[in-house]
$ cat work-v4.cif   # mmCIF, C-alpha atoms
data_structure
loop_
_atom_site.group_PDB
_atom_site.id
_atom_site.type_symbol
_atom_site.label_atom_id
_atom_site.label_comp_id
_atom_site.auth_asym_id
_atom_site.auth_seq_id
_atom_site.Cartn_x
_atom_site.Cartn_y
_atom_site.Cartn_z
ATOM 1 C CA MET G 1 -31.988 -8.003 -9.462
ATOM 2 C CA THR G 2 -30.777 -6.315 -6.291
ATOM 3 C CA GLU G 3 -27.046 -6.707 -5.710
ATOM 4 C CA LEU G 4 -26.200 -8.420 -2.446
ATOM 5 C CA PRO G 5 -24.132 -6.331 -0.019
ATOM 6 C CA LEU G 6 -20.459 -7.118 0.340
ATOM 7 C CA ILE G 7 -19.529 -9.294 3.324
ATOM 8 C CA GLY G 8 -17.535 -6.595 5.052
ATOM 9 C CA GLU G 9 -19.716 -3.668 4.046
ATOM 10 C CA ALA G 10 -21.474 -3.480 7.407
ATOM 11 C CA ILE G 11 -18.118 -3.192 9.167
ATOM 12 C CA ALA G 12 -17.008 -0.233 7.104
ATOM 13 C CA VAL G 13 -20.364 1.532 7.380
ATOM 14 C CA ALA G 14 -20.644 1.011 11.131
ATOM 15 C CA ALA G 15 -17.110 2.193 11.757
ATOM 16 C CA HIS G 16 -16.919 5.150 9.414
ATOM 17 C CA ASP G 17 -20.324 6.371 8.261
ATOM 18 C CA SER G 18 -21.128 9.382 10.430
ATOM 19 C CA GLY G 19 -24.199 10.231 8.379
ATOM 20 C CA VAL G 20 -22.452 13.450 7.320
ATOM 21 C CA ARG G 21 -19.602 12.333 5.084
ATOM 22 C CA LYS G 22 -20.432 10.539 1.897
ATOM 23 C CA LEU G 23 -17.358 8.531 1.012
ATOM 24 C CA THR G 24 -18.912 6.723 -1.933
ATOM 25 C CA GLY G 25 -18.309 9.764 -4.134
ATOM 26 C CA ALA G 26 -14.546 9.337 -3.779
ATOM 27 C CA LYS G 27 -12.963 7.515 -6.724
ATOM 28 C CA ILE G 28 -9.863 5.408 -6.131
ATOM 29 C CA GLY G 29 -8.034 4.183 -9.207
ATOM 30 C CA VAL G 30 -6.605 0.643 -9.048
ATOM 31 C CA VAL G 31 -3.864 0.009 -11.610
ATOM 32 C CA THR G 32 -3.446 -3.299 -13.434
ATOM 33 C CA PHE G 33 -0.202 -4.267 -15.183
ATOM 34 C CA PRO G 34 0.468 -7.532 -17.000
ATOM 35 C CA GLY G 35 1.232 -9.833 -14.074
ATOM 36 C CA THR G 36 -0.671 -7.898 -11.402
ATOM 37 C CA LEU G 37 -2.357 -10.320 -8.968
ATOM 38 C CA ASP G 38 -4.051 -8.262 -6.284
ATOM 39 C CA ASP G 39 -5.960 -5.611 -8.210
ATOM 40 C CA ARG G 40 -9.344 -7.181 -7.469
ATOM 41 C CA ASP G 41 -8.485 -7.462 -3.783
ATOM 42 C CA ALA G 42 -7.487 -3.798 -3.702
ATOM 43 C CA ALA G 43 -10.663 -2.773 -5.499
ATOM 44 C CA ARG G 44 -12.728 -4.768 -3.020
ATOM 45 C CA ALA G 45 -10.944 -3.083 -0.118
ATOM 46 C CA VAL G 46 -11.814 0.314 -1.594
ATOM 47 C CA ARG G 47 -15.471 -0.676 -1.866
ATOM 48 C CA LEU G 48 -15.562 -2.105 1.660
ATOM 49 C CA ALA G 49 -14.168 1.180 2.963
ATOM 50 C CA GLY G 50 -16.992 3.029 1.223
ATOM 51 C CA GLY G 51 -15.296 4.344 -1.913
ATOM 52 C CA THR G 52 -15.695 3.727 -5.622
ATOM 53 C CA ALA G 53 -12.975 1.605 -7.221
ATOM 54 C CA VAL G 54 -12.007 2.677 -10.742
ATOM 55 C CA PRO G 55 -10.034 0.150 -12.837
ATOM 56 C CA LEU G 56 -6.983 1.631 -14.580
ATOM 57 C CA TRP G 57 -4.911 -0.141 -17.234
ATOM 58 C CA HIS G 58 -1.134 0.316 -17.420
ATOM 59 C CA ALA G 59 -1.356 1.503 -21.043
ATOM 60 C CA ASP G 60 -3.986 4.174 -20.325
ATOM 61 C CA SER G 61 -2.951 7.665 -21.355
ATOM 62 C CA ALA G 62 -4.925 9.464 -18.647
ATOM 63 C CA LEU G 63 -5.912 8.999 -15.011
ATOM 64 C CA GLY G 64 -9.366 10.413 -15.493
ATOM 65 C CA ASP G 65 -10.989 12.021 -12.481
ATOM 66 C CA VAL G 66 -9.744 9.657 -9.768
ATOM 67 C CA ASP G 67 -9.045 11.120 -6.339
ATOM 68 C CA ALA G 68 -6.287 8.655 -5.409
ATOM 69 C CA VAL G 69 -4.459 5.656 -6.862
ATOM 70 C CA VAL G 70 -3.536 2.205 -5.559
ATOM 71 C CA ILE G 71 -0.734 0.277 -7.284
ATOM 72 C CA PRO G 72 -1.373 -3.309 -6.158
ATOM 73 C CA GLY G 73 0.886 -6.299 -5.670
ATOM 74 C CA GLY G 74 1.846 -9.024 -8.095
ATOM 75 C CA PHE G 75 4.637 -9.572 -10.588
ATOM 76 C CA SER G 76 4.354 -6.765 -13.130
ATOM 77 C CA TYR G 77 5.891 -7.843 -16.435
ATOM 78 C CA GLY G 78 7.019 -11.037 -14.707
ATOM 79 C CA ASP G 79 9.537 -9.108 -12.572
ATOM 80 C CA TYR G 80 11.949 -9.282 -15.505
ATOM 81 C CA LEU G 81 15.114 -7.177 -15.107
ATOM 82 C CA ARG G 82 14.076 -6.117 -11.589
ATOM 83 C CA ALA G 83 10.763 -6.083 -9.808
ATOM 84 C CA GLY G 84 8.949 -2.945 -10.997
ATOM 85 C CA ALA G 85 11.711 -1.873 -13.408
ATOM 86 C CA ILE G 86 9.612 -2.255 -16.564
ATOM 87 C CA ALA G 87 6.320 -1.138 -15.020
ATOM 88 C CA ARG G 88 7.969 2.163 -14.127
ATOM 89 C CA PHE G 89 7.926 3.047 -17.873
ATOM 90 C CA ALA G 90 4.263 2.224 -18.475
ATOM 91 C CA PRO G 91 2.353 5.173 -20.010
ATOM 92 C CA LEU G 92 0.064 5.490 -17.002
ATOM 93 C CA MET G 93 2.995 5.741 -14.588
ATOM 94 C CA SER G 94 4.117 9.041 -16.086
ATOM 95 C CA LYS G 95 0.661 10.431 -15.324
ATOM 96 C CA ILE G 96 0.773 9.067 -11.774
ATOM 97 C CA ILE G 97 4.247 10.533 -11.179
ATOM 98 C CA ASP G 98 3.164 13.955 -12.452
ATOM 99 C CA ALA G 99 -0.044 13.926 -10.376
ATOM 100 C CA ALA G 100 1.730 12.786 -7.205
ATOM 101 C CA ASN G 101 4.323 15.539 -7.570
ATOM 102 C CA SER G 102 1.817 18.236 -8.543
ATOM 103 C CA ASP G 103 0.395 20.883 -6.254
ATOM 104 C CA ALA G 104 -2.689 18.674 -5.895
ATOM 105 C CA LYS G 105 -0.488 15.905 -4.422
ATOM 106 C CA LEU G 106 -2.533 12.940 -5.613
ATOM 107 C CA PRO G 107 -2.504 10.239 -2.904
ATOM 108 C CA VAL G 108 -0.738 7.107 -4.166
ATOM 109 C CA LEU G 109 -0.389 3.784 -2.327
ATOM 110 C CA GLY G 110 2.026 1.127 -3.564
ATOM 111 C CA ILE G 111 1.589 -2.344 -2.079
ATOM 112 C CA CYS G 112 4.354 -4.957 -2.458
ATOM 113 C CA ASN G 113 5.093 -4.873 -6.201
ATOM 114 C CA GLY G 114 3.497 -1.437 -6.116
ATOM 115 C CA PHE G 115 6.109 -0.354 -3.552
ATOM 116 C CA GLN G 116 8.819 -1.704 -5.838
ATOM 117 C CA ILE G 117 7.356 0.293 -8.730
ATOM 118 C CA LEU G 118 7.320 3.468 -6.605
ATOM 119 C CA THR G 119 11.014 3.119 -5.801
ATOM 120 C CA GLU G 120 11.836 2.427 -9.450
ATOM 121 C CA SER G 121 9.813 5.542 -10.350
ATOM 122 C CA HIS G 122 11.747 7.596 -7.779
ATOM 123 C CA LEU G 123 8.520 8.617 -6.090
ATOM 124 C CA LEU G 124 10.073 6.949 -3.043
ATOM 125 C CA PRO G 125 13.789 6.609 -2.237
ATOM 126 C CA GLY G 126 15.775 3.411 -1.828
ATOM 127 C CA SER G 127 15.319 0.085 -3.564
ATOM 128 C CA MET G 128 13.938 -3.410 -3.092
ATOM 129 C CA ILE G 129 16.115 -6.515 -3.467
ATOM 130 C CA LYS G 130 15.643 -10.211 -2.785
ATOM 131 C CA ASN G 131 14.912 -11.322 0.768
ATOM 132 C CA ASP G 132 18.113 -11.919 2.705
ATOM 133 C CA HIS G 133 17.235 -15.630 3.057
ATOM 134 C CA LEU G 134 16.615 -15.857 -0.726
ATOM 135 C CA LYS G 135 13.222 -17.507 -0.250
ATOM 136 C CA PHE G 136 9.649 -16.498 -0.897
ATOM 137 C CA MET G 137 8.037 -15.490 2.401
ATOM 138 C CA CYS G 138 4.314 -15.757 3.167
ATOM 139 C CA ARG G 139 3.050 -15.080 6.691
ATOM 140 C CA ASP G 140 0.886 -12.850 8.840
ATOM 141 C CA GLN G 141 3.042 -9.952 9.954
ATOM 142 C CA VAL G 142 2.808 -7.519 12.852
ATOM 143 C CA LEU G 143 3.570 -3.917 11.915
ATOM 144 C CA ARG G 144 3.945 -0.825 14.053
ATOM 145 C CA VAL G 145 2.483 2.402 12.692
ATOM 146 C CA GLU G 146 5.283 4.956 12.997
ATOM 147 C CA ASN G 147 3.574 7.826 11.186
ATOM 148 C CA SER G 148 -0.173 8.357 11.349
ATOM 149 C CA ASN G 149 -0.126 11.657 9.445
ATOM 150 C CA THR G 150 0.090 10.379 5.871
ATOM 151 C CA ALA G 151 -2.871 10.304 3.513
ATOM 152 C CA TRP G 152 -3.072 6.534 4.013
ATOM 153 C CA THR G 153 -2.645 6.263 7.807
ATOM 154 C CA LEU G 154 -4.897 8.958 9.265
ATOM 155 C CA ASP G 155 -7.240 6.405 10.821
ATOM 156 C CA TYR G 156 -4.415 4.796 12.816
ATOM 157 C CA GLU G 157 -2.574 5.999 15.901
ATOM 158 C CA ALA G 158 1.172 6.422 16.065
ATOM 159 C CA GLY G 159 2.596 3.383 17.837
ATOM 160 C CA GLN G 160 -0.424 1.214 17.021
ATOM 161 C CA GLU G 161 0.366 -2.376 16.074
ATOM 162 C CA ILE G 162 -1.591 -4.031 13.288
ATOM 163 C CA THR G 163 -1.427 -7.494 11.711
ATOM 164 C CA VAL G 164 -1.637 -7.940 7.942
ATOM 165 C CA PRO G 165 -0.480 -10.650 5.525
ATOM 166 C CA LEU G 166 2.931 -10.449 3.877
ATOM 167 C CA LYS G 167 4.022 -12.349 0.756
ATOM 168 C CA ASN G 168 7.143 -11.471 -1.186
ATOM 169 C CA GLN G 169 10.431 -12.606 -2.643
ATOM 170 C CA ASP G 170 12.003 -9.215 -3.357
ATOM 171 C CA GLY G 171 10.980 -7.558 -0.107
ATOM 172 C CA GLN G 172 14.253 -6.375 1.380
ATOM 173 C CA TYR G 173 14.236 -2.586 1.580
ATOM 174 C CA ILE G 174 17.676 -1.028 1.215
ATOM 175 C CA ALA G 175 19.089 2.499 1.049
ATOM 176 C CA ASP G 176 22.360 4.128 1.981
ATOM 177 C CA GLU G 177 22.838 5.406 5.524
ATOM 178 C CA LYS G 178 22.308 9.028 4.504
ATOM 179 C CA VAL G 179 18.891 8.229 3.033
ATOM 180 C CA LEU G 180 17.931 6.047 6.004
ATOM 181 C CA ASP G 181 18.947 8.784 8.450
ATOM 182 C CA ALA G 182 16.877 11.326 6.500
ATOM 183 C CA LEU G 183 13.825 9.042 6.485
ATOM 184 C CA GLU G 184 14.105 8.631 10.249
ATOM 185 C CA ALA G 185 14.688 12.334 10.930
ATOM 186 C CA GLU G 186 11.809 13.452 8.719
ATOM 187 C CA GLY G 187 9.329 10.908 10.103
ATOM 188 C CA ARG G 188 9.005 9.187 6.749
ATOM 189 C CA VAL G 189 9.310 5.655 8.083
ATOM 190 C CA VAL G 190 5.595 4.842 8.139
ATOM 191 C CA PHE G 191 5.660 1.162 9.157
ATOM 192 C CA ARG G 192 8.178 -1.045 10.887
ATOM 193 C CA TYR G 193 8.254 -4.823 11.303
ATOM 194 C CA VAL G 194 7.604 -5.957 14.870
ATOM 195 C CA GLY G 195 8.919 -9.151 16.438
ATOM 196 C CA PHE G 196 10.462 -10.516 13.271
ATOM 197 C CA ASN G 197 12.116 -8.972 10.241
ATOM 198 C CA PRO G 198 10.924 -11.242 7.409
ATOM 199 C CA ASN G 199 13.270 -10.067 4.664
ATOM 200 C CA GLY G 200 16.277 -8.258 6.125
ATOM 201 C CA SER G 201 14.988 -4.760 5.400
ATOM 202 C CA ARG G 202 17.228 -2.046 6.784
ATOM 203 C CA ARG G 203 16.156 -0.818 10.225
ATOM 204 C CA ASP G 204 13.107 -3.137 10.110
ATOM 205 C CA ILE G 205 11.436 -0.764 7.652
ATOM 206 C CA ALA G 206 8.195 -2.123 6.208
ATOM 207 C CA GLY G 207 6.902 1.068 4.585
ATOM 208 C CA ILE G 208 7.869 4.668 3.886
ATOM 209 C CA SER G 209 6.392 7.880 2.496
ATOM 210 C CA ASN G 210 7.507 10.814 0.419
ATOM 211 C CA ALA G 211 8.094 14.176 2.098
ATOM 212 C CA ALA G 212 4.529 15.375 1.503
ATOM 213 C CA GLY G 213 2.951 12.194 2.891
ATOM 214 C CA ASN G 214 0.688 11.625 -0.103
ATOM 215 C CA VAL G 215 2.780 8.742 -1.490
ATOM 216 C CA VAL G 216 3.172 5.637 0.682
ATOM 217 C CA GLY G 217 4.714 2.289 -0.154
ATOM 218 C CA LEU G 218 4.846 -0.890 1.932
ATOM 219 C CA MET G 219 5.570 -4.569 1.373
ATOM 220 C CA PRO G 220 2.780 -6.218 3.449
ATOM 221 C CA HIS G 221 -0.764 -6.422 2.051
ATOM 222 C CA PRO G 222 -3.430 -4.434 3.927
ATOM 223 C CA GLU G 223 -6.001 -5.282 1.238
ATOM 224 C CA HIS G 224 -5.948 -8.883 2.514
ATOM 225 C CA ALA G 225 -7.065 -7.806 6.002
ATOM 226 C CA VAL G 226 -10.311 -5.943 5.417
ATOM 227 C CA GLU G 227 -13.077 -8.472 6.200
ATOM 228 C CA ALA G 228 -14.101 -10.186 9.415
ATOM 229 C CA GLY G 229 -13.390 -13.896 9.185
ATOM 230 C CA PHE G 230 -10.995 -13.532 6.259
ATOM 231 C CA GLY G 231 -7.883 -11.968 7.768
ATOM 232 C CA PRO G 232 -5.285 -12.573 10.484
ATOM 233 C CA SER G 233 -6.973 -12.272 13.874
ATOM 234 C CA SER G 234 -3.831 -12.922 15.926
ATOM 235 C CA LEU G 235 -0.199 -13.886 15.574
ATOM 236 C CA ASP G 236 1.817 -15.745 18.202
ATOM 237 C CA GLY G 237 -0.522 -14.588 20.918
ATOM 238 C CA VAL G 238 -0.432 -10.949 19.797
ATOM 239 C CA GLY G 239 -3.937 -9.596 19.433
ATOM 240 C CA GLY G 240 -4.985 -8.411 16.019
ATOM 241 C CA SER G 241 -8.033 -7.863 13.893
ATOM 242 C CA ASP G 242 -9.167 -9.378 10.623
ATOM 243 C CA THR G 243 -9.810 -5.804 9.490
ATOM 244 C CA ASP G 244 -6.522 -4.171 10.532
ATOM 245 C CA GLY G 245 -5.840 -3.231 6.910
ATOM 246 C CA LEU G 246 -9.122 -1.430 6.321
ATOM 247 C CA GLY G 247 -7.766 1.772 7.858
ATOM 248 C CA PHE G 248 -5.524 2.386 4.840
ATOM 249 C CA PHE G 249 -8.542 2.772 2.621
ATOM 250 C CA THR G 250 -10.813 4.639 5.043
ATOM 251 C CA SER G 251 -7.912 7.000 5.779
ATOM 252 C CA VAL G 252 -7.553 8.158 2.198
ATOM 253 C CA LEU G 253 -11.303 8.405 1.735
ATOM 254 C CA ASN G 254 -11.622 10.583 4.828
ATOM 255 C CA LYS G 255 -8.694 12.652 3.567
ATOM 256 C CA ILE G 256 -10.414 13.173 0.231
ATOM 257 C CA VAL G 257 -13.708 14.284 1.756
ATOM 258 C CA GLY G 258 -11.979 16.639 4.158
ATOM 259 C CA GLY G 259 -11.931 14.535 7.295
ATOM 260 C CA ALA G 260 -8.158 14.589 7.833
ATOM 261 C CA LYS G 261 -7.208 15.030 11.443
#
$ encode --input "work-v4.cif" --output "structure tokens"
Amino acid sequence: MTELPLIGEAIAVAAHDSGVRKLTGAKIGVVTFPGTLDDRDAARAVRLAGGTAVPLWHADSALGDVDAVVIPGGFSYGDYLRAGAIARFAPLMSKIIDAANSDAKLPVLGICNGFQILTESHLLPGSMIKNDHLKFMCRDQVLRVENSNTAWTLDYEAGQEITVPLKNQDGQYIADEKVLDALEAEGRVVFRYVGFNPNGSRRDIAGISNAAGNVVGLMPHPEHAVEAGFGPSSLDGVGGSDTDGLGFFTSVLNKIVGGAK
């Protein structure tokens, strides 16, 4: 039986298949912890972008031959202690930390709970605490791309505004002033909230990167904005696209196959 094409597959192919690059050979690992919710969404986003999604389990002892890793959202280990605090010690995380810090600089994307895990792992500075209003927040959120030179933002333009869903309870990004000043000076603030700060994050920061730009973490969910008809098309009159989040996944695939700008 022939497998039916994915709904958004035509979008990704039309936008990114030049006939020269073959992105399907790129393998993107998607990590699942106990309590992860969005691993299937992340895997689907990888496939829609043209890559091969490789499932990874938190207790795995090796990454295999993946070219990049996505740590999806959810509530790893029930968010006991702190969000991401237990997941940081999972066997697979030590492999991800080593690979991200190696000369190969494995691209790693942490989304929501994944961002929290990256800060707990010290792959990214700062910390995540409860939203300043102490409530769970779920909305479509406008973001401004501040840095388009990371492994996960190459297909965006600096200053571009995109709309993706946001859903979190522990989404307030904090760091001391010295760290915040360094992030600003080094261009490591990758995304900023536009129009409304949904959680009280310092300096409206929605996402950051490490110094090398291969590790990126953000609270909003680009994997929920990758298919026409199934994402936020506009917010309060601000134009947007249902597929504004697809660029995260095409960016890293183009990076892997040598198409970085």
$ atom_distance --input "work-v4.cif" --atom1 "CA of Ala99 in chain G" --atom2 "CA of Arg82 in chain G"
24.5 Å
$ atom_distance --input "work-v4.cif" --atom1 "CA of Ile96 in chain G" --atom2 "CA of Thr32 in chain G"
13.2 Å
$ resolve_selection --input "work-v4.cif" --expression "the PyMOL selection byres ((chain G and resi 211) around 9)" --output "VMD selection string"
chain G and resid 183 186 to 188 209 to 210 212 to 215
$ residues_around --input "work-v4.cif" --residues "Val252 in chain G" --least-positions-apart "5" --cutoff "8 Å" --atoms "all atoms listed in the file" --output "list in words"
Ala68, Pro107, Ala151, Trp152, Thr153 and Leu154 of chain G
$ resolve_selection --input "work-v4.cif" --expression "the PyMOL selection byres ((chain G and resi 192-196) around 6)" --output "PDB file with C-alpha atoms, in the coordinates of the input"
ATOM      1  CA  VAL G 142       2.808  -7.519  12.852  1.00  0.00           C
ATOM      2  CA  LEU G 143       3.570  -3.917  11.915  1.00  0.00           C
ATOM      3  CA  ARG G 144       3.945  -0.825  14.053  1.00  0.00           C
ATOM      4  CA  PHE G 191       5.660   1.162   9.157  1.00  0.00           C
ATOM      5  CA  ASN G 197      12.116  -8.972  10.241  1.00  0.00           C
ATOM      6  CA  PRO G 198      10.924 -11.242   7.409  1.00  0.00           C
ATOM      7  CA  ASP G 204      13.107  -3.137  10.110  1.00  0.00           C
ATOM      8  CA  ILE G 205      11.436  -0.764   7.652  1.00  0.00           C
ATOM      9  CA  ALA G 206       8.195  -2.123   6.208  1.00  0.00           C
TER      10      ALA G 206
END
$ residues_around --input "work-v4.cif" --residues "range 161-168 of chain G" --least-positions-apart "3" --cutoff "6 Å" --atoms "all atoms listed in the file" --output "PyMOL selection string"
chain G and resi 136-144+171+220-222+225+240+244
$ atom_distance --input "work-v4.cif" --atom1 "CA of Arg47 in chain G" --atom2 "CA of Tyr156 in chain G"
19.2 Å
$ resolve_selection --input "work-v4.cif" --expression "the PyMOL selection byres ((chain G and resi 25) around 12)" --output "list in words"
Arg21, Lys22, Leu23, Thr24, Ala26, Lys27, Ile28, Val46, Arg47, Ala49, Gly50, Gly51, Thr52, Ala53, Val54, Asp65, Val66, Asp67, Leu253, Asn254, Ile256 and Val257 of chain G
$ closest_residue --input "work-v4.cif" --among "G:Ser102, G:Thr36, G:Gln172, G:Thr250" --to "Ser127 in chain G" --atoms "all atoms listed in the file"
G:Gln172
$ closest_residue --input "work-v4.cif" --among "G:Pro125, G:Gly245, G:Gly207, G:Gly64" --to "Ala42 in chain G" --atoms "only C-alpha atoms"
G:Gly245
$ residues_around --input "work-v4.cif" --residues "Tyr173 in chain G" --least-positions-apart "3" --cutoff "10 Å" --atoms "only C-alpha atoms" --output "list in words"
Phe115, Gln116, Thr119, Pro125, Gly126, Ser127, Met128, Ile129, Lys130, Asn131, Asp170, Asn199, Gly200, Ser201, Arg202, Arg203, Asp204, Ile205, Ala206, Gly207, Ile208, Leu218 and Met219 of chain G
